[in-house]
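Below is protein.txt, holding compact mmCIF, N, CA and C atoms.
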```
# COMPACT_ATOMS: atom_id res chain seq x y z
N MET A 22 -71.12 -11.44 16.86
CA MET A 22 -70.40 -11.98 15.72
C MET A 22 -69.71 -10.89 14.92
N TRP A 23 -70.42 -9.79 14.68
CA TRP A 23 -69.84 -8.69 13.92
C TRP A 23 -68.64 -8.09 14.66
N THR A 24 -68.77 -8.03 15.96
CA THR A 24 -67.68 -7.47 16.76
C THR A 24 -66.42 -8.32 16.60
N LEU A 25 -66.59 -9.62 16.63
CA LEU A 25 -65.45 -10.52 16.47
C LEU A 25 -64.84 -10.39 15.08
N THR A 26 -65.68 -10.27 14.04
CA THR A 26 -65.19 -10.12 12.67
C THR A 26 -64.43 -8.82 12.52
N LEU A 27 -64.96 -7.72 13.05
CA LEU A 27 -64.29 -6.44 12.96
C LEU A 27 -62.97 -6.45 13.73
N LEU A 28 -62.96 -7.10 14.87
CA LEU A 28 -61.74 -7.20 15.66
C LEU A 28 -60.67 -7.97 14.88
N PHE A 29 -61.04 -9.05 14.24
CA PHE A 29 -60.11 -9.84 13.44
C PHE A 29 -59.57 -9.03 12.26
N LEU A 30 -60.45 -8.31 11.55
CA LEU A 30 -60.02 -7.50 10.42
C LEU A 30 -59.09 -6.37 10.87
N SER A 31 -59.36 -5.77 11.99
CA SER A 31 -58.51 -4.69 12.51
C SER A 31 -57.14 -5.23 12.88
N ALA A 32 -57.10 -6.37 13.52
CA ALA A 32 -55.83 -6.96 13.93
C ALA A 32 -55.01 -7.39 12.72
N SER A 33 -55.65 -7.98 11.72
CA SER A 33 -54.90 -8.45 10.55
C SER A 33 -54.40 -7.29 9.71
N ALA A 34 -55.05 -6.14 9.75
CA ALA A 34 -54.58 -4.97 9.01
C ALA A 34 -53.30 -4.41 9.61
N CYS A 35 -53.06 -4.66 10.89
CA CYS A 35 -51.86 -4.14 11.56
C CYS A 35 -50.65 -5.04 11.36
N MET A 36 -50.86 -6.26 10.92
CA MET A 36 -49.75 -7.19 10.77
C MET A 36 -49.09 -7.02 9.41
N GLU A 37 -47.77 -7.15 9.40
CA GLU A 37 -47.03 -7.06 8.14
C GLU A 37 -47.25 -8.36 7.37
N ARG A 38 -47.75 -8.23 6.18
CA ARG A 38 -48.07 -9.42 5.40
C ARG A 38 -46.87 -9.97 4.65
N ASP A 39 -45.95 -9.10 4.27
CA ASP A 39 -44.82 -9.53 3.46
C ASP A 39 -43.51 -9.18 4.17
N PRO A 40 -42.84 -10.15 4.77
CA PRO A 40 -41.60 -9.85 5.50
C PRO A 40 -40.40 -9.69 4.57
N ARG A 41 -40.59 -9.76 3.26
CA ARG A 41 -39.45 -9.71 2.35
C ARG A 41 -38.61 -8.43 2.45
N PRO A 42 -39.16 -7.25 2.66
CA PRO A 42 -38.26 -6.10 2.78
C PRO A 42 -37.27 -6.27 3.94
N TYR A 43 -37.70 -6.79 5.06
CA TYR A 43 -36.80 -7.03 6.19
C TYR A 43 -35.81 -8.13 5.84
N GLN A 44 -36.29 -9.19 5.19
CA GLN A 44 -35.41 -10.29 4.81
C GLN A 44 -34.37 -9.82 3.80
N ALA A 45 -34.76 -8.96 2.87
CA ALA A 45 -33.81 -8.42 1.90
C ALA A 45 -32.72 -7.62 2.60
N TRP A 46 -33.12 -6.86 3.61
CA TRP A 46 -32.13 -6.10 4.39
C TRP A 46 -31.17 -7.05 5.11
N LEU A 47 -31.71 -8.13 5.71
CA LEU A 47 -30.84 -9.10 6.37
C LEU A 47 -29.89 -9.77 5.39
N ASP A 48 -30.38 -10.11 4.20
CA ASP A 48 -29.53 -10.73 3.19
C ASP A 48 -28.41 -9.78 2.75
N GLU A 49 -28.75 -8.51 2.58
CA GLU A 49 -27.75 -7.52 2.20
C GLU A 49 -26.70 -7.36 3.30
N LEU A 50 -27.16 -7.35 4.54
CA LEU A 50 -26.24 -7.22 5.67
C LEU A 50 -25.31 -8.43 5.74
N ALA A 51 -25.85 -9.63 5.53
CA ALA A 51 -25.04 -10.84 5.58
C ALA A 51 -24.02 -10.88 4.45
N ALA A 52 -24.34 -10.25 3.32
CA ALA A 52 -23.43 -10.24 2.17
C ALA A 52 -22.29 -9.26 2.34
N ASP A 53 -22.35 -8.39 3.34
CA ASP A 53 -21.30 -7.42 3.59
C ASP A 53 -20.08 -8.16 4.11
N ASP A 54 -19.09 -8.36 3.27
CA ASP A 54 -17.89 -9.11 3.62
C ASP A 54 -16.85 -8.16 4.19
N THR A 55 -16.76 -8.12 5.50
CA THR A 55 -15.78 -7.23 6.14
C THR A 55 -14.39 -7.85 6.16
N GLY A 56 -14.26 -9.08 5.71
CA GLY A 56 -12.97 -9.75 5.74
C GLY A 56 -12.22 -9.69 4.43
N ASP A 57 -12.59 -8.81 3.53
CA ASP A 57 -11.94 -8.69 2.24
C ASP A 57 -10.52 -8.18 2.41
N PRO A 58 -9.50 -9.00 2.08
CA PRO A 58 -8.13 -8.55 2.26
C PRO A 58 -7.76 -7.36 1.39
N SER A 59 -8.55 -7.05 0.35
CA SER A 59 -8.26 -5.89 -0.48
C SER A 59 -8.68 -4.60 0.21
N ASP A 60 -9.43 -4.69 1.30
CA ASP A 60 -9.81 -3.51 2.07
C ASP A 60 -8.56 -2.99 2.75
N PRO A 61 -8.09 -1.78 2.40
CA PRO A 61 -6.81 -1.30 2.93
C PRO A 61 -6.81 -1.02 4.43
N THR A 62 -7.98 -0.99 5.05
CA THR A 62 -8.02 -0.72 6.49
C THR A 62 -8.12 -2.01 7.30
N TYR A 63 -7.92 -3.14 6.67
CA TYR A 63 -8.13 -4.43 7.32
C TYR A 63 -6.87 -5.26 7.18
N ASP A 64 -6.08 -5.36 8.23
CA ASP A 64 -4.78 -6.02 8.14
C ASP A 64 -4.79 -7.51 8.45
N ARG A 65 -5.89 -8.01 8.99
CA ARG A 65 -6.01 -9.43 9.33
C ARG A 65 -4.99 -9.88 10.37
N LEU A 66 -4.70 -9.02 11.33
CA LEU A 66 -3.87 -9.44 12.47
C LEU A 66 -4.70 -10.36 13.36
N CYS A 67 -4.06 -11.32 13.97
CA CYS A 67 -4.73 -12.22 14.91
C CYS A 67 -4.10 -12.07 16.28
N SER A 68 -4.89 -12.27 17.32
CA SER A 68 -4.33 -12.24 18.67
C SER A 68 -3.40 -13.43 18.87
N GLU A 69 -2.38 -13.20 19.68
CA GLU A 69 -1.44 -14.27 20.04
C GLU A 69 -1.74 -14.65 21.48
N ASP A 70 -1.91 -15.93 21.73
CA ASP A 70 -2.20 -16.42 23.07
C ASP A 70 -0.94 -16.49 23.93
N GLY A 71 -1.14 -16.44 25.25
CA GLY A 71 -0.04 -16.69 26.18
C GLY A 71 0.68 -15.46 26.68
N GLY A 72 0.26 -14.27 26.29
CA GLY A 72 0.94 -13.06 26.75
C GLY A 72 0.57 -12.71 28.19
N ALA A 73 1.36 -11.84 28.78
CA ALA A 73 1.12 -11.41 30.16
C ALA A 73 -0.18 -10.61 30.25
N ALA A 74 -0.94 -10.84 31.32
CA ALA A 74 -2.20 -10.12 31.53
C ALA A 74 -1.90 -8.67 31.92
N ILE A 75 -2.69 -7.75 31.34
CA ILE A 75 -2.54 -6.33 31.66
C ILE A 75 -3.91 -5.67 31.70
N SER A 76 -3.97 -4.52 32.35
CA SER A 76 -5.15 -3.67 32.32
C SER A 76 -4.79 -2.44 31.50
N LEU A 77 -5.67 -2.05 30.59
CA LEU A 77 -5.39 -0.88 29.78
C LEU A 77 -6.68 -0.11 29.51
N THR A 78 -6.53 1.07 28.97
CA THR A 78 -7.67 1.90 28.57
C THR A 78 -7.64 2.03 27.07
N ILE A 79 -8.78 1.77 26.43
CA ILE A 79 -8.88 1.91 24.98
C ILE A 79 -9.73 3.14 24.69
N THR A 80 -9.19 4.02 23.84
CA THR A 80 -9.87 5.27 23.49
C THR A 80 -10.19 5.29 22.01
N ASN A 81 -11.40 5.70 21.67
CA ASN A 81 -11.80 5.90 20.29
C ASN A 81 -11.46 7.33 19.89
N ALA A 82 -10.33 7.49 19.17
CA ALA A 82 -9.91 8.81 18.72
C ALA A 82 -10.31 9.06 17.27
N SER A 83 -11.15 8.20 16.72
CA SER A 83 -11.59 8.38 15.33
C SER A 83 -12.66 9.47 15.25
N ALA A 84 -13.06 9.76 14.06
CA ALA A 84 -14.10 10.77 13.82
C ALA A 84 -15.50 10.16 13.85
N TYR A 85 -15.63 8.93 14.33
CA TYR A 85 -16.90 8.21 14.27
C TYR A 85 -17.21 7.55 15.61
N ASP A 86 -18.50 7.31 15.85
CA ASP A 86 -18.87 6.33 16.86
C ASP A 86 -18.44 4.99 16.28
N ALA A 87 -17.87 4.11 17.10
CA ALA A 87 -17.30 2.89 16.56
C ALA A 87 -17.52 1.71 17.49
N ASP A 88 -17.65 0.53 16.89
CA ASP A 88 -17.73 -0.72 17.64
C ASP A 88 -16.31 -1.21 17.88
N LEU A 89 -16.03 -1.59 19.12
CA LEU A 89 -14.73 -2.16 19.47
C LEU A 89 -14.82 -3.67 19.38
N TYR A 90 -13.84 -4.27 18.71
CA TYR A 90 -13.77 -5.73 18.56
C TYR A 90 -12.45 -6.22 19.13
N TRP A 91 -12.48 -7.38 19.75
CA TRP A 91 -11.28 -8.12 20.09
C TRP A 91 -11.16 -9.19 19.02
N VAL A 92 -9.96 -9.39 18.48
CA VAL A 92 -9.74 -10.40 17.45
C VAL A 92 -9.10 -11.61 18.12
N ASP A 93 -9.75 -12.77 18.03
CA ASP A 93 -9.22 -13.95 18.72
C ASP A 93 -8.06 -14.57 17.94
N SER A 94 -7.49 -15.63 18.46
CA SER A 94 -6.31 -16.24 17.84
C SER A 94 -6.64 -16.96 16.53
N ALA A 95 -7.91 -17.16 16.24
CA ALA A 95 -8.34 -17.73 14.96
C ALA A 95 -8.67 -16.63 13.96
N CYS A 96 -8.34 -15.39 14.30
CA CYS A 96 -8.56 -14.20 13.46
C CYS A 96 -10.03 -13.80 13.34
N GLU A 97 -10.87 -14.26 14.23
CA GLU A 97 -12.29 -13.90 14.21
C GLU A 97 -12.53 -12.69 15.09
N PRO A 98 -13.07 -11.60 14.52
CA PRO A 98 -13.41 -10.43 15.34
C PRO A 98 -14.61 -10.72 16.24
N ARG A 99 -14.50 -10.36 17.51
CA ARG A 99 -15.56 -10.56 18.50
C ARG A 99 -16.01 -9.19 19.03
N SER A 100 -17.26 -8.85 18.76
CA SER A 100 -17.79 -7.55 19.16
C SER A 100 -17.78 -7.41 20.67
N MET A 101 -17.32 -6.25 21.14
CA MET A 101 -17.20 -6.03 22.58
C MET A 101 -18.11 -4.91 23.08
N ILE A 102 -17.99 -3.70 22.49
CA ILE A 102 -18.69 -2.54 23.03
C ILE A 102 -18.74 -1.44 21.97
N LEU A 103 -19.75 -0.60 22.05
CA LEU A 103 -19.83 0.60 21.22
C LEU A 103 -19.12 1.73 21.95
N LEU A 104 -18.17 2.36 21.28
CA LEU A 104 -17.46 3.51 21.84
C LEU A 104 -17.83 4.76 21.04
N GLU A 105 -18.42 5.72 21.71
CA GLU A 105 -18.72 6.97 21.03
C GLU A 105 -17.41 7.68 20.72
N GLN A 106 -17.47 8.60 19.77
CA GLN A 106 -16.29 9.37 19.40
C GLN A 106 -15.70 10.04 20.64
N GLY A 107 -14.42 9.81 20.90
CA GLY A 107 -13.73 10.40 22.05
C GLY A 107 -13.87 9.62 23.35
N ALA A 108 -14.68 8.58 23.36
CA ALA A 108 -14.92 7.81 24.59
C ALA A 108 -13.79 6.82 24.85
N SER A 109 -13.64 6.45 26.12
CA SER A 109 -12.65 5.46 26.55
C SER A 109 -13.32 4.39 27.38
N THR A 110 -12.68 3.22 27.43
CA THR A 110 -13.17 2.14 28.27
C THR A 110 -12.00 1.36 28.86
N PRO A 111 -12.10 0.98 30.13
CA PRO A 111 -11.05 0.12 30.70
C PRO A 111 -11.22 -1.30 30.16
N MET A 112 -10.11 -2.01 30.01
CA MET A 112 -10.16 -3.34 29.42
C MET A 112 -9.07 -4.21 30.02
N ASN A 113 -9.38 -5.44 30.35
CA ASN A 113 -8.37 -6.43 30.71
C ASN A 113 -7.99 -7.17 29.44
N ALA A 114 -6.72 -7.31 29.20
CA ALA A 114 -6.25 -7.94 27.97
C ALA A 114 -4.94 -8.67 28.28
N SER A 115 -4.32 -9.17 27.24
CA SER A 115 -3.00 -9.80 27.35
C SER A 115 -2.10 -9.23 26.27
N VAL A 116 -0.81 -9.22 26.55
CA VAL A 116 0.14 -8.83 25.52
C VAL A 116 -0.06 -9.76 24.33
N GLY A 117 -0.15 -9.19 23.13
CA GLY A 117 -0.39 -9.98 21.92
C GLY A 117 -1.82 -9.93 21.44
N HIS A 118 -2.74 -9.45 22.27
CA HIS A 118 -4.13 -9.34 21.82
C HIS A 118 -4.26 -8.22 20.78
N VAL A 119 -5.21 -8.39 19.89
CA VAL A 119 -5.47 -7.41 18.83
C VAL A 119 -6.88 -6.87 19.01
N PHE A 120 -7.01 -5.55 18.88
CA PHE A 120 -8.32 -4.88 18.94
C PHE A 120 -8.52 -4.10 17.65
N ARG A 121 -9.78 -4.02 17.22
CA ARG A 121 -10.14 -3.25 16.03
C ARG A 121 -11.32 -2.34 16.34
N LEU A 122 -11.39 -1.23 15.61
CA LEU A 122 -12.55 -0.36 15.63
C LEU A 122 -13.22 -0.45 14.26
N ARG A 123 -14.54 -0.47 14.29
CA ARG A 123 -15.32 -0.50 13.06
C ARG A 123 -16.35 0.60 13.13
N GLN A 124 -16.42 1.40 12.07
CA GLN A 124 -17.41 2.47 12.01
C GLN A 124 -18.77 1.87 12.29
N ALA A 125 -19.50 2.46 13.24
CA ALA A 125 -20.68 1.80 13.78
C ALA A 125 -21.94 1.89 12.93
N PHE A 126 -22.23 3.02 12.32
CA PHE A 126 -23.58 3.18 11.79
C PHE A 126 -23.68 3.40 10.30
N ASP A 127 -22.67 3.90 9.64
CA ASP A 127 -22.84 4.25 8.23
C ASP A 127 -22.19 3.25 7.30
N GLU A 128 -20.91 3.38 7.08
CA GLU A 128 -20.24 2.55 6.09
C GLU A 128 -19.74 1.22 6.64
N LEU A 129 -19.75 1.05 7.96
CA LEU A 129 -19.34 -0.19 8.61
C LEU A 129 -17.94 -0.63 8.19
N GLN A 130 -17.03 0.33 8.04
CA GLN A 130 -15.66 0.00 7.64
C GLN A 130 -14.77 -0.13 8.87
N TRP A 131 -13.76 -1.00 8.74
CA TRP A 131 -12.72 -1.07 9.77
C TRP A 131 -11.95 0.23 9.71
N ILE A 132 -11.71 0.87 10.86
CA ILE A 132 -11.03 2.15 10.85
C ILE A 132 -9.75 2.16 11.68
N ALA A 133 -9.49 1.14 12.47
CA ALA A 133 -8.25 1.09 13.25
C ALA A 133 -8.01 -0.33 13.73
N GLU A 134 -6.73 -0.64 13.91
CA GLU A 134 -6.35 -1.96 14.42
C GLU A 134 -5.06 -1.80 15.22
N ARG A 135 -5.01 -2.37 16.40
CA ARG A 135 -3.83 -2.26 17.25
C ARG A 135 -3.57 -3.58 17.97
N ARG A 136 -2.29 -3.94 18.07
CA ARG A 136 -1.87 -5.10 18.86
C ARG A 136 -1.34 -4.57 20.19
N VAL A 137 -1.70 -5.22 21.28
CA VAL A 137 -1.20 -4.86 22.61
C VAL A 137 0.24 -5.36 22.72
N VAL A 138 1.14 -4.45 23.10
CA VAL A 138 2.54 -4.83 23.30
C VAL A 138 2.91 -4.60 24.75
N GLU A 139 3.98 -5.23 25.17
CA GLU A 139 4.43 -5.11 26.55
C GLU A 139 4.66 -3.64 26.90
N GLY A 140 4.16 -3.23 28.06
CA GLY A 140 4.29 -1.85 28.50
C GLY A 140 3.09 -0.98 28.18
N ASP A 141 2.17 -1.46 27.34
CA ASP A 141 0.97 -0.66 27.03
C ASP A 141 0.10 -0.49 28.26
N THR A 142 -0.37 0.72 28.48
CA THR A 142 -1.40 0.98 29.49
C THR A 142 -2.61 1.62 28.84
N ALA A 143 -2.44 2.05 27.58
CA ALA A 143 -3.53 2.68 26.85
C ALA A 143 -3.36 2.41 25.36
N LEU A 144 -4.48 2.21 24.69
CA LEU A 144 -4.50 2.13 23.22
C LEU A 144 -5.38 3.26 22.74
N VAL A 145 -4.82 4.18 21.98
CA VAL A 145 -5.60 5.24 21.37
C VAL A 145 -5.79 4.84 19.91
N MET A 146 -7.03 4.59 19.57
CA MET A 146 -7.34 4.05 18.25
C MET A 146 -8.12 5.07 17.43
N GLY A 147 -7.60 5.38 16.25
CA GLY A 147 -8.25 6.36 15.39
C GLY A 147 -8.18 5.92 13.94
N GLY A 148 -8.42 6.84 13.03
CA GLY A 148 -8.47 6.52 11.62
C GLY A 148 -7.11 6.38 10.96
N ASP A 149 -6.03 6.46 11.74
CA ASP A 149 -4.70 6.41 11.16
C ASP A 149 -4.10 5.00 11.15
N ARG A 150 -4.94 4.01 11.32
CA ARG A 150 -4.54 2.59 11.36
C ARG A 150 -3.83 2.36 12.65
```
Would you mind giving the structure from this file in structure tokens?
Amino acid sequence: MWTLTLLFLSASACMERDPRPYQAWLDELAADDTGDPSDPTYDRLCSEDGGAAISLTITNASAYDADLYWVDSACEPRSMILLEQGASTPMNASVGHVFRLRQAFDELQWIAERRVVEGDTALVMGGDR
């Protein structure tokens, strides 16, 4: 009996009793409005459907590790891949598609946005918009 009681007390001591610190972090994260039009690095471009299919290479030329997003025709950013600083990735896209980079770990700011135009074979995306 004592063994069972001690086992229960040991197990309950390891469990987090108050999940509020994690919940507060989630609430703060959810409140981060990346769609604020007053943010000068956020142009709110939307992808245009119906363009010719192309293959291209997207390069993160920013000073940060960054998340690459494709922006759909409803203007919703869709997370695609993490690109380390200086890294490139091949991508199938269409003329008219829009891609954005967002700083991955610190300030979570949009740092670049580019629309694919006819003739593109590469998008070099950096902090210069």
- Query: Could you state the separation of CA of Asp127 in chain A and CA of Ala143 in chain A in Å, given to one decimal place?
  - Reply: 26.9 Å
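Minimum distance to Glu97 in chain A across A:Ala84, A:Ala125, A:Cys67, A:Ile75 (counting all atoms listed in the file) occurs at A:Cys67.
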- Give as a ChimeraX atom specification each residue that has an atom at most 12 Å from (-3.7, -19.9, 27.2) in the file, counting only C-alpha atoms. /A:68-74,93-94,115-118
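Minimum distance to Trp131 in chain A across A:Cys96, A:Asp88, A:Leu66, A:Asn81 (counting only C-alpha atoms) occurs at A:Asp88.
Each of A:Met146, A:Leu89, A:Val137, A:Ala82 was compared to Ile102 in chain A using all atoms listed in the file, and A:Leu89 turns out to be the nearest.
Using only C-alpha atoms for every distance, the candidate list A:Met101, A:Leu144, A:Leu122, A:Met112 yields A:Leu122 as the residue closest to Ala87 in chain A.
Put simply, CA of Ser109 in chain A is 20.1 Å away from CA of Glu139 in chain A.
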